[in-house]
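K.L.:
Dropping the structure in here first, questions after.
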Amino acid sequence: MTAPERVSDGATTLRRISAADAPAIARAVRESLDHLAAWMPWAGAASATESFQRERLGPIAVAYDDDSATWEFAICERAATAEGGETETLVGLCGITVRDDGRREIGYWVHIDHTRRGHASRAAAMLTQMWRERRSEARIEIRCDAANRASAAIPKQLGYQLEGVIDVKPEARSETGKLMVWSLTRG
């Protein structure tokens, strides 16, 4: 099956990304760099540039028709305008990522100014539902460092099972090297 163009729960919307999102993504990364670098090894000066994001988004933006490929979505917050309309602000990214070893993993990050508003939880819930309805993998994971309490609360809340904790080499400054592996299986 194909990825939906957009899904929403009313407060948070996920929509397919495109190269046109590169400026907004680069800005969100740049403004949140210190926050993201604590847990995300990829978060650095290079990832905060439009050129990096444009190049990175190209292959992802054409893979939405393949249920065995990575699907990445913009996490958007909707707000009413004074004129009675609505605006949609990109506040992070999320997706179902295909890892080199064949695993499928849900991931998410949110702009520092939009944390603690439930966007990551709602995004992970919508991605989990998308996996159930539109993907063929038998199993999906959410992984996070044991010290990242905010991220670890999400899979537990969604009914994922903690399979265990793997010792890994820390790659980001706040990582402890204790990687929690949460999973769901079909049936």
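We name chains A, B, ... following the order of the structure tokens; residues begin at 1 in each chain, and ligands are numbered from 1 as shown.
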Just the residues within 12 Å of Asp34 (chain A), please, counting only C-alpha atoms, with nothing from its chain fewer than 6 positions along; format it as a ChimeraX atom specification.
P.N.:
/A:28,40-45,48,111-112,172-174
K.L.:
Compile the contact shell of region 162-165 of chain A as a list in words: residues with an atom at most 8 Å away, counting only C-alpha atoms, same-chain residues fewer than 5 positions apart removed.
P.N.:
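Here the qualifying residues turn out to be Ala146, Lys156, Lys178, Leu179, Met180, Val181, Trp182 and Ser183 of chain A.
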K.L.:
Could you write out that same residue set with N, CA and C atoms as a PDB file, in the first residue's frame?
P.N.:
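The resulting out-v9.pdb:
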```pdb
ATOM      1  N   ALA A 146      17.890   4.811  27.456  1.00  0.00           N
ATOM      2  CA  ALA A 146      17.168   4.637  28.717  1.00  0.00           C
ATOM      3  C   ALA A 146      17.040   5.937  29.507  1.00  0.00           C
ATOM      4  N   LYS A 156       5.602   2.952  25.614  1.00  0.00           N
ATOM      5  CA  LYS A 156       4.881   2.329  26.732  1.00  0.00           C
ATOM      6  C   LYS A 156       3.415   2.739  26.697  1.00  0.00           C
ATOM      7  N   LYS A 178      22.728   2.661  27.033  1.00  0.00           N
ATOM      8  CA  LYS A 178      21.682   1.678  27.351  1.00  0.00           C
ATOM      9  C   LYS A 178      20.501   1.969  26.428  1.00  0.00           C
ATOM     10  N   LEU A 179      20.386   1.178  25.365  1.00  0.00           N
ATOM     11  CA  LEU A 179      19.368   1.412  24.335  1.00  0.00           C
ATOM     12  C   LEU A 179      18.149   0.535  24.590  1.00  0.00           C
ATOM     13  N   MET A 180      17.027   1.166  24.854  1.00  0.00           N
ATOM     14  CA  MET A 180      15.776   0.439  25.083  1.00  0.00           C
ATOM     15  C   MET A 180      15.167   0.058  23.727  1.00  0.00           C
ATOM     16  N   VAL A 181      14.723  -1.186  23.610  1.00  0.00           N
ATOM     17  CA  VAL A 181      14.088  -1.678  22.394  1.00  0.00           C
ATOM     18  C   VAL A 181      12.652  -2.044  22.729  1.00  0.00           C
ATOM     19  N   TRP A 182      11.719  -1.265  22.190  1.00  0.00           N
ATOM     20  CA  TRP A 182      10.283  -1.468  22.359  1.00  0.00           C
ATOM     21  C   TRP A 182       9.743  -2.002  21.046  1.00  0.00           C
ATOM     22  N   SER A 183       8.795  -2.938  21.088  1.00  0.00           N
ATOM     23  CA  SER A 183       8.279  -3.479  19.829  1.00  0.00           C
ATOM     24  C   SER A 183       6.790  -3.823  19.904  1.00  0.00           C
TER      25      SER A 183
END
```
K.L.:
Taking 2 positions as the minimum chain separation for residues in the same chain, which residues sit within 10 Å of Val168 (chain A) when counting only C-alpha atoms? Answer as number ranges by chain.
P.N.:
A: 145, 165-166, 170-171, 175-179
K.L.:
Please save N, CA and C atoms of the selected residues as a CSV table (one decimal), in the first residue's frame.
P.N.:
```
chain,number,residue,atom,x,y,z
A,145,ASP,N,17.4,5.9,24.1
A,145,ASP,CA,18.3,5.7,25.2
A,145,ASP,C,17.4,5.6,26.5
A,165,VAL,N,17.1,-4.1,26.9
A,165,VAL,CA,18.0,-3.0,26.9
A,165,VAL,C,19.4,-3.5,26.3
A,166,ILE,N,19.8,-2.9,25.3
A,166,ILE,CA,21.1,-3.3,24.6
A,166,ILE,C,22.2,-2.3,25.0
A,170,PRO,N,27.7,5.0,23.2
A,170,PRO,CA,26.9,6.3,23.1
A,170,PRO,C,27.5,7.1,21.9
A,171,GLU,N,26.5,7.7,21.2
A,171,GLU,CA,26.9,8.5,20.0
A,171,GLU,C,26.5,10.0,20.2
A,175,GLU,N,23.4,10.4,25.8
A,175,GLU,CA,23.2,8.9,25.8
A,175,GLU,C,24.0,8.2,26.8
A,176,THR,N,23.5,7.2,27.4
A,176,THR,CA,24.1,6.4,28.4
A,176,THR,C,24.7,5.1,27.9
A,177,GLY,N,24.4,4.7,26.7
A,177,GLY,CA,24.8,3.5,26.1
A,177,GLY,C,23.9,2.3,26.4
A,178,LYS,N,22.7,2.7,27.0
A,178,LYS,CA,21.7,1.7,27.4
A,178,LYS,C,20.5,2.0,26.4
A,179,LEU,N,20.4,1.2,25.4
A,179,LEU,CA,19.4,1.4,24.3
A,179,LEU,C,18.1,0.5,24.6
```
K.L.:
Could you produce a table of the residues of region 103-156 of chain A lying within 6 Å of region 78-94 of chain A, with the nearest pair of atoms per residue and their separation in Å rounded to one decimal, using only C-alpha atoms, ordered by chain and increasing residue number, as a tab-separated table?
P.N.:
```
residue	atom	partner	partner_atom	distance
A:Gly107	CA	A:Cys94	CA	5.4
A:Tyr108	CA	A:Cys94	CA	4.1
A:Trp109	CA	A:Gly92	CA	5.5
A:Val110	CA	A:Gly92	CA	4.2
A:His111	CA	A:Val91	CA	5.3
```
K.L.:
Take the residues from that selection and put them in a file with C-alpha atoms, as a PDB file, in the first residue's frame.
P.N.:
```
ATOM      1  CA  GLY A 107      11.241   7.715  15.067  1.00  0.00           C
ATOM      2  CA  TYR A 108      10.306  11.294  15.891  1.00  0.00           C
ATOM      3  CA  TRP A 109      11.693  14.656  16.966  1.00  0.00           C
ATOM      4  CA  VAL A 110      10.015  17.948  17.803  1.00  0.00           C
ATOM      5  CA  HIS A 111      11.212  21.573  17.683  1.00  0.00           C
TER       6      HIS A 111
END
```
K.L.:
Quick one: contact table of region 84-126 of chain A to region 63-68 of chain A, 10 Å max, nearest atom pair and distance in Å to one decimal per residue, counting only C-alpha atoms, chain and number order, as a Markdown table?
P.N.:
```
| residue | atom | partner | partner_atom | distance |
| --- | --- | --- | --- | --- |
| A:Ile96 | CA | A:Ser68 | CA | 9.7 |
| A:Thr97 | CA | A:Ser68 | CA | 9.4 |
| A:Val98 | CA | A:Ser68 | CA | 7.5 |
| A:Gly102 | CA | A:Ser68 | CA | 9.8 |
| A:Arg104 | CA | A:Ser68 | CA | 9.0 |
```
K.L.:
Do you know which residues are at most 12 Å from Ile25 (chain A) counting only C-alpha atoms, after dropping those on the same chain fewer than 2 positions away, and could you put them as an MDAnalysis selection string?
P.N.:
chainID A and resid 17:23 27:33 47:54 56:57 73:76 89:94 109:111
K.L.:
If I take CA of Gly187 (chain A) and CA of Arg139 (chain A), how far is one from the other in Å, to one decimal?
P.N.:
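Separating CA of Gly187 (chain A) from CA of Arg139 (chain A) is a distance of 10.0 Å.
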K.L.:
Could you tell me how far CA of Thr12 (chain A) lies from CA of Ile154 (chain A), in Å and to one decimal?
P.N.:
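These atoms are spaced 15.5 Å apart.
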K.L.:
Find the spatial neighbours of Glu5 (chain A), counting only C-alpha atoms, within a cut-off of 8 Å - ignore same-chain residues fewer than 2 positions away - and output them as a PyMOL selection string.
P.N.:
chain A and resi 3+7+15-16
K.L.:
What is the CA of Ala138 (chain A) to CA of Ile106 (chain A) distance in Å?
P.N.:
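Spanning CA of Ala138 (chain A) to CA of Ile106 (chain A) is a straight-line distance of 13.8 Å.
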K.L.:
How would you write, as a ChimeraX atom specification, the set of residues in chain A that DSSP gives as strand (DSSP E)?
P.N.:
/A:6-8,12-16,71-80,86-98,104-110,139-145,161-167,178-185
K.L.:
Once you have the residues from the selection above, write them out as a CSV table (one decimal), in the first residue's frame, restricted to C-alpha atoms.
P.N.:
```
chain,number,residue,atom,x,y,z
A,6,ARG,CA,-1.8,13.4,5.3
A,7,VAL,CA,-3.4,12.2,8.5
A,8,SER,CA,-4.6,14.2,11.5
A,12,THR,CA,-1.4,17.3,15.1
A,13,THR,CA,-1.2,16.6,11.4
A,14,LEU,CA,1.3,14.4,9.6
A,15,ARG,CA,1.9,15.1,6.0
A,16,ARG,CA,4.3,13.8,3.4
A,71,TRP,CA,8.2,6.9,5.0
A,72,GLU,CA,8.9,10.3,6.5
A,73,PHE,CA,6.4,12.9,7.5
A,74,ALA,CA,6.3,16.5,8.7
A,75,ILE,CA,4.7,16.9,12.1
A,76,CYS,CA,2.5,20.0,11.8
A,77,GLU,CA,0.6,22.0,14.4
A,78,ARG,CA,-2.6,23.7,13.3
A,79,ALA,CA,-3.6,27.1,14.8
A,80,ALA,CA,-6.4,29.5,14.1
A,86,GLU,CA,-5.9,28.3,10.0
A,87,THR,CA,-2.1,28.1,9.7
A,88,GLU,CA,0.0,24.9,9.7
A,89,THR,CA,3.5,25.1,11.2
A,90,LEU,CA,6.1,22.4,10.8
A,91,VAL,CA,7.2,21.5,14.3
A,92,GLY,CA,9.2,18.3,13.7
A,93,LEU,CA,9.6,15.1,11.7
A,94,CYS,CA,8.6,11.5,12.2
A,95,GLY,CA,8.6,8.4,10.2
A,96,ILE,CA,8.8,4.7,9.7
A,97,THR,CA,12.5,4.0,8.9
A,98,VAL,CA,13.9,1.0,7.2
A,104,ARG,CA,11.5,-1.2,10.8
A,105,GLU,CA,11.6,1.6,13.4
A,106,ILE,CA,9.3,4.5,14.3
A,107,GLY,CA,11.2,7.7,15.1
A,108,TYR,CA,10.3,11.3,15.9
A,109,TRP,CA,11.7,14.7,17.0
A,110,VAL,CA,10.0,17.9,17.8
A,139,ARG,CA,7.2,-6.2,13.6
A,140,ILE,CA,7.9,-2.6,14.3
A,141,GLU,CA,10.2,-1.0,16.9
A,142,ILE,CA,10.7,2.3,18.8
A,143,ARG,CA,14.3,2.6,20.2
A,144,CYS,CA,15.6,5.2,22.6
A,145,ASP,CA,18.3,5.7,25.2
A,161,GLN,CA,6.5,-4.1,24.9
A,162,LEU,CA,10.0,-3.5,26.2
A,163,GLU,CA,12.0,-6.4,24.7
A,164,GLY,CA,15.2,-5.4,26.5
A,165,VAL,CA,18.0,-3.0,26.9
A,166,ILE,CA,21.1,-3.3,24.6
A,167,ASP,CA,24.5,-2.0,25.5
A,178,LYS,CA,21.7,1.7,27.4
A,179,LEU,CA,19.4,1.4,24.3
A,180,MET,CA,15.8,0.4,25.1
A,181,VAL,CA,14.1,-1.7,22.4
A,182,TRP,CA,10.3,-1.5,22.4
A,183,SER,CA,8.3,-3.5,19.8
A,184,LEU,CA,4.9,-4.4,18.5
A,185,THR,CA,4.1,-7.5,16.4
```
K.L.:
Please identify the helix (DSSP H, G or I) residues within chain A (assignment by DSSP from backbone atoms) and present them as number ranges by chain.
P.N.:
A: 19-31, 33-37, 46-48, 50-60, 112-114, 119-134, 149-157
K.L.:
Convert the current residue selection to file output with C-alpha atoms, as a PDB file, in the first residue's frame.
P.N.:
```
ATOM      1  CA  ALA A  19      12.138  19.075  -1.084  1.00  0.00           C
ATOM      2  CA  ALA A  20      10.089  22.270  -0.624  1.00  0.00           C
ATOM      3  CA  ASP A  21      10.153  21.573   3.131  1.00  0.00           C
ATOM      4  CA  ALA A  22      13.961  21.864   3.266  1.00  0.00           C
ATOM      5  CA  PRO A  23      14.001  25.502   4.519  1.00  0.00           C
ATOM      6  CA  ALA A  24      11.466  24.830   7.315  1.00  0.00           C
ATOM      7  CA  ILE A  25      13.195  21.610   8.386  1.00  0.00           C
ATOM      8  CA  ALA A  26      16.642  23.247   8.365  1.00  0.00           C
ATOM      9  CA  ARG A  27      15.290  26.136  10.443  1.00  0.00           C
ATOM     10  CA  ALA A  28      13.630  23.765  12.960  1.00  0.00           C
ATOM     11  CA  VAL A  29      16.848  21.752  13.297  1.00  0.00           C
ATOM     12  CA  ARG A  30      18.968  24.916  13.622  1.00  0.00           C
ATOM     13  CA  GLU A  31      16.692  26.409  16.295  1.00  0.00           C
ATOM     14  CA  LEU A  33      20.183  21.976  17.683  1.00  0.00           C
ATOM     15  CA  ASP A  34      21.240  21.896  21.320  1.00  0.00           C
ATOM     16  CA  HIS A  35      18.045  20.058  22.312  1.00  0.00           C
ATOM     17  CA  LEU A  36      18.322  17.530  19.455  1.00  0.00           C
ATOM     18  CA  ALA A  37      22.074  16.922  19.771  1.00  0.00           C
ATOM     19  CA  ALA A  46      25.481  20.236   8.536  1.00  0.00           C
ATOM     20  CA  SER A  47      21.969  18.891   9.198  1.00  0.00           C
ATOM     21  CA  ALA A  48      20.768  22.444   9.892  1.00  0.00           C
ATOM     22  CA  GLU A  50      18.836  23.843   3.517  1.00  0.00           C
ATOM     23  CA  SER A  51      21.196  22.181   1.047  1.00  0.00           C
ATOM     24  CA  PHE A  52      21.695  19.171   3.323  1.00  0.00           C
ATOM     25  CA  GLN A  53      17.948  18.814   3.902  1.00  0.00           C
ATOM     26  CA  ARG A  54      17.089  19.230   0.207  1.00  0.00           C
ATOM     27  CA  GLU A  55      19.560  16.491  -0.760  1.00  0.00           C
ATOM     28  CA  ARG A  56      18.365  14.206   2.049  1.00  0.00           C
ATOM     29  CA  LEU A  57      14.686  14.640   1.200  1.00  0.00           C
ATOM     30  CA  GLY A  58      14.963  13.750  -2.498  1.00  0.00           C
ATOM     31  CA  PRO A  59      14.985   9.933  -2.218  1.00  0.00           C
ATOM     32  CA  ILE A  60      12.477   9.906   0.648  1.00  0.00           C
ATOM     33  CA  ILE A 112      12.326  22.776  21.113  1.00  0.00           C
ATOM     34  CA  ASP A 113       9.518  25.379  21.285  1.00  0.00           C
ATOM     35  CA  HIS A 114       6.854  22.708  20.683  1.00  0.00           C
ATOM     36  CA  HIS A 119       3.034  16.103  19.231  1.00  0.00           C
ATOM     37  CA  ALA A 120       5.554  13.223  19.422  1.00  0.00           C
ATOM     38  CA  SER A 121       3.047  10.952  21.189  1.00  0.00           C
ATOM     39  CA  ARG A 122       0.307  11.711  18.680  1.00  0.00           C
ATOM     40  CA  ALA A 123       2.717  11.307  15.756  1.00  0.00           C
ATOM     41  CA  ALA A 124       3.899   7.918  17.048  1.00  0.00           C
ATOM     42  CA  ALA A 125       0.276   6.828  17.542  1.00  0.00           C
ATOM     43  CA  MET A 126      -0.639   7.821  13.974  1.00  0.00           C
ATOM     44  CA  LEU A 127       2.471   6.078  12.599  1.00  0.00           C
ATOM     45  CA  THR A 128       1.618   2.932  14.579  1.00  0.00           C
ATOM     46  CA  GLN A 129      -1.882   2.961  13.085  1.00  0.00           C
ATOM     47  CA  MET A 130      -0.411   3.567   9.636  1.00  0.00           C
ATOM     48  CA  TRP A 131       1.876   0.550  10.137  1.00  0.00           C
ATOM     49  CA  ARG A 132      -1.096  -1.610  11.102  1.00  0.00           C
ATOM     50  CA  GLU A 133      -3.205  -0.521   8.123  1.00  0.00           C
ATOM     51  CA  ARG A 134      -0.727   0.156   5.323  1.00  0.00           C
ATOM     52  CA  ARG A 149      12.473   9.519  29.718  1.00  0.00           C
ATOM     53  CA  ALA A 150      10.236  11.656  27.521  1.00  0.00           C
ATOM     54  CA  SER A 151      10.863   9.455  24.495  1.00  0.00           C
ATOM     55  CA  ALA A 152      10.646   6.197  26.478  1.00  0.00           C
ATOM     56  CA  ALA A 153       7.190   7.114  27.788  1.00  0.00           C
ATOM     57  CA  ILE A 154       5.732   7.108  24.273  1.00  0.00           C
ATOM     58  CA  PRO A 155       6.031   3.415  23.284  1.00  0.00           C
ATOM     59  CA  LYS A 156       4.881   2.329  26.732  1.00  0.00           C
ATOM     60  CA  GLN A 157       1.806   4.556  26.423  1.00  0.00           C
TER      61      GLN A 157
END
```
